[in-house]
Each structure stands twice: as C-alpha cells, then as structure tokens.
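J.: Before we start, here is the structure in question, set down as structure tokens.
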Amino acid sequence: MFEQTEKKLINKKIRPTAMRHLVLEVLMKTPYALSLSDIEEKLDTADKSTIFRTLKIFEEKKIVHSIDDGSGSLKYALCHANCEIHHNDFHVHFVCERCERTFCLEQITIPKVSLPKNFIGNTANMIIKGKCPNCNTTTD
Ligand SMILES: [Zn+2]
Ligand SMILES: [Zn+2]
Ligand SMILES: [Zn+2]
C-alpha cells in the first residue's frame, strides 16, 4: 500500500508526509465515500483539523472530490484517472438508505439539463437513494 500511495502523491506533486499517506490509504482501501469523522475514526492518532487540511490539499490537487449527499456532512472519495486538468466528477452518487454509505457511480454521468434563459449552471449534484448491493442481498 505504501508504494501505491507514494506513487499517487508524487504523481500529483504532493509532498508525501506520514499523514498524507495515511489519509490516502484509508480512501484507497474503502469502496465508498468517507466523511471527515469516518476518517478520523479510522485513524485514531490524527486530529480532525489535520485530516481536514489534508483533504483540502487532496481536493485541490485532484486526488479526491467531495460529495454533498444531503446527510449534512461532506463525504470524500477518490477521483478517477481523468481528473487531471479539472475535476471531472459529474457522476451520479448513490446513498444507501440502509447502511447510509455513499458510493460513486463513476460510469453514470449526470444528464445535461437545459436551464431557463439567463441561468448559467456551474456545478451539478445528483444523488440517488436506495439499497446498495450489500444491503440488497439480505432478506430482512
Ligand atoms: Zn476529481
Ligand atoms: Zn447499503
Ligand atoms: Zn464520486
């Protein structure tokens, strides 16, 4: 894991500190988006403000994108490879109503909406709520 995180950090011209390695590792290992508190829980040695600063740098350098899933706390997930120039994360996010996890559906782009005259769109956010594959398999 260390080699993978090191490579990603250096590729994005981020100085690889111990904290940056840790936060990136957590994000790479988790198949769903994480809030600041989720990450803090997983890294018991780190305080929130340090993690927050790390995430902001990652967001600026296009390693992660943040997701407003309506839960009240921003979630963070890894960007995919084509985020090099500007964040290209106009994909749908899925919120599981059962386990409350937020997933990136990278293969599904947010459909283009035609806006009324004089409205200029800047960002778009699309959340689909339901049951994730994990929760879908259980019968209860
Ligand atoms: Zn991105
Ligand atoms: Zn679920
Ligand atoms: Zn996403």
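Within each chain, counting starts at residue 1; across the structure tokens, chains are named A, B, ... in the order shown, with ligands numbered 1 upward in that order.
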For ligand 2, collect every residue having any atom at a distance of at most 7 Å from a ligand atom (counting only C-alpha atoms and all ligand atoms); output as an NGL selection string.
T.: :A and (96-101 or 131-135)
J.: Please check which protein, DNA or RNA residues sit within 7 Å of ligand 1, counting only C-alpha atoms and all ligand atoms, and write them as a PyMOL selection string.
T.: chain A and resi 62-65+79-80+83+86-89
J.: Could those residues be written to a file, using C-alpha atoms, as an mmCIF file, in the first residue's frame?
T.:
data_model
loop_
_atom_site.group_PDB
_atom_site.id
_atom_site.type_symbol
_atom_site.label_atom_id
_atom_site.label_comp_id
_atom_site.auth_asym_id
_atom_site.auth_seq_id
_atom_site.Cartn_x
_atom_site.Cartn_y
_atom_site.Cartn_z
ATOM 1 C CA LYS A 62 -7.484 16.450 -7.750
ATOM 2 C CA ILE A 63 -6.911 13.262 -5.832
ATOM 3 C CA VAL A 64 -10.302 13.395 -4.122
ATOM 4 C CA HIS A 65 -13.646 15.075 -4.731
ATOM 5 C CA CYS A 79 -11.088 10.839 -8.144
ATOM 6 C CA HIS A 80 -10.586 8.664 -11.126
ATOM 7 C CA CYS A 83 -9.433 14.291 -13.267
ATOM 8 C CA HIS A 86 -10.120 19.985 -13.708
ATOM 9 C CA HIS A 87 -12.414 17.939 -11.554
ATOM 10 C CA ASN A 88 -14.439 15.841 -13.896
ATOM 11 C CA ASP A 89 -16.638 14.216 -11.313
#
J.: Please check which protein, DNA or RNA residues sit within 10 Å of ligand 3, counting only C-alpha atoms and all ligand atoms, and write them as a ChimeraX atom specification.
T.: /A:32-33,64-68,75-80,88-94,102-106,125
J.: Using only C-alpha atoms, which residues sit within 10 Å of Ile14 of chain A once same-chain residues fewer than 5 positions away are excluded, as number ranges by chain?
T.: A: 6, 8-9, 20, 57-58, 61, 63
J.: For Asn11 of chain A, which residue among A:Leu27, A:Leu74, A:Leu55, A:Ala81 is the nearest when counting only C-alpha atoms?
T.: A:Ala81
J.: I need the alpha helix (DSSP H) residues of chain A per DSSP on the backbone, written as an MDAnalysis selection string.
T.: chainID A and resid 2:11 18:29 36:42 48:60 133:136
J.: Output C-alpha atoms for every residue in that selection, as an mmCIF file, in the first residue's frame.
T.:
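Done, and the output landed in out37.cif:
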data_model
loop_
_atom_site.group_PDB
_atom_site.id
_atom_site.type_symbol
_atom_site.label_atom_id
_atom_site.label_comp_id
_atom_site.auth_asym_id
_atom_site.auth_seq_id
_atom_site.Cartn_x
_atom_site.Cartn_y
_atom_site.Cartn_z
ATOM 1 C CA PHE A 2 2.806 2.407 0.888
ATOM 2 C CA GLU A 3 4.222 2.201 -2.631
ATOM 3 C CA GLN A 4 0.834 2.904 -4.194
ATOM 4 C CA THR A 5 0.124 5.936 -2.027
ATOM 5 C CA GLU A 6 3.690 7.218 -2.502
ATOM 6 C CA LYS A 7 3.315 6.977 -6.266
ATOM 7 C CA LYS A 8 -0.035 8.772 -6.274
ATOM 8 C CA LEU A 9 1.229 11.603 -4.048
ATOM 9 C CA ILE A 10 4.401 12.155 -6.059
ATOM 10 C CA ASN A 11 2.466 11.997 -9.336
ATOM 11 C CA ALA A 18 3.079 10.399 7.009
ATOM 12 C CA MET A 19 -0.379 11.912 7.475
ATOM 13 C CA ARG A 20 -0.987 12.204 3.742
ATOM 14 C CA HIS A 21 -0.016 8.574 3.298
ATOM 15 C CA LEU A 22 -2.448 7.501 5.995
ATOM 16 C CA VAL A 23 -5.421 9.520 4.756
ATOM 17 C CA LEU A 24 -4.855 8.432 1.163
ATOM 18 C CA GLU A 25 -4.530 4.810 2.213
ATOM 19 C CA VAL A 26 -7.860 4.918 4.030
ATOM 20 C CA LEU A 27 -9.539 6.436 0.980
ATOM 21 C CA MET A 28 -7.993 3.898 -1.376
ATOM 22 C CA LYS A 29 -8.969 0.965 0.807
ATOM 23 C CA LEU A 36 -14.174 13.679 7.964
ATOM 24 C CA SER A 37 -15.433 11.865 11.084
ATOM 25 C CA ASP A 38 -15.295 8.482 9.336
ATOM 26 C CA ILE A 39 -11.646 9.093 8.502
ATOM 27 C CA GLU A 40 -10.908 10.345 11.997
ATOM 28 C CA GLU A 41 -12.416 7.144 13.418
ATOM 29 C CA LYS A 42 -10.192 5.029 11.220
ATOM 30 C CA LYS A 48 -9.768 16.445 12.728
ATOM 31 C CA SER A 49 -8.136 19.691 11.653
ATOM 32 C CA THR A 50 -5.057 17.918 10.310
ATOM 33 C CA ILE A 51 -7.219 15.455 8.387
ATOM 34 C CA PHE A 52 -9.327 18.336 7.086
ATOM 35 C CA ARG A 53 -6.260 20.200 5.824
ATOM 36 C CA THR A 54 -5.000 17.032 4.168
ATOM 37 C CA LEU A 55 -8.342 16.503 2.417
ATOM 38 C CA LYS A 56 -8.373 20.113 1.193
ATOM 39 C CA ILE A 57 -4.935 19.643 -0.362
ATOM 40 C CA PHE A 58 -6.076 16.376 -1.944
ATOM 41 C CA GLU A 59 -9.140 18.128 -3.315
ATOM 42 C CA GLU A 60 -7.068 20.954 -4.761
ATOM 43 C CA PRO A 133 -25.745 -4.321 -3.483
ATOM 44 C CA ASN A 134 -24.672 -5.304 0.026
ATOM 45 C CA CYS A 135 -27.990 -4.405 1.600
ATOM 46 C CA ASN A 136 -29.956 -5.730 -1.344
#
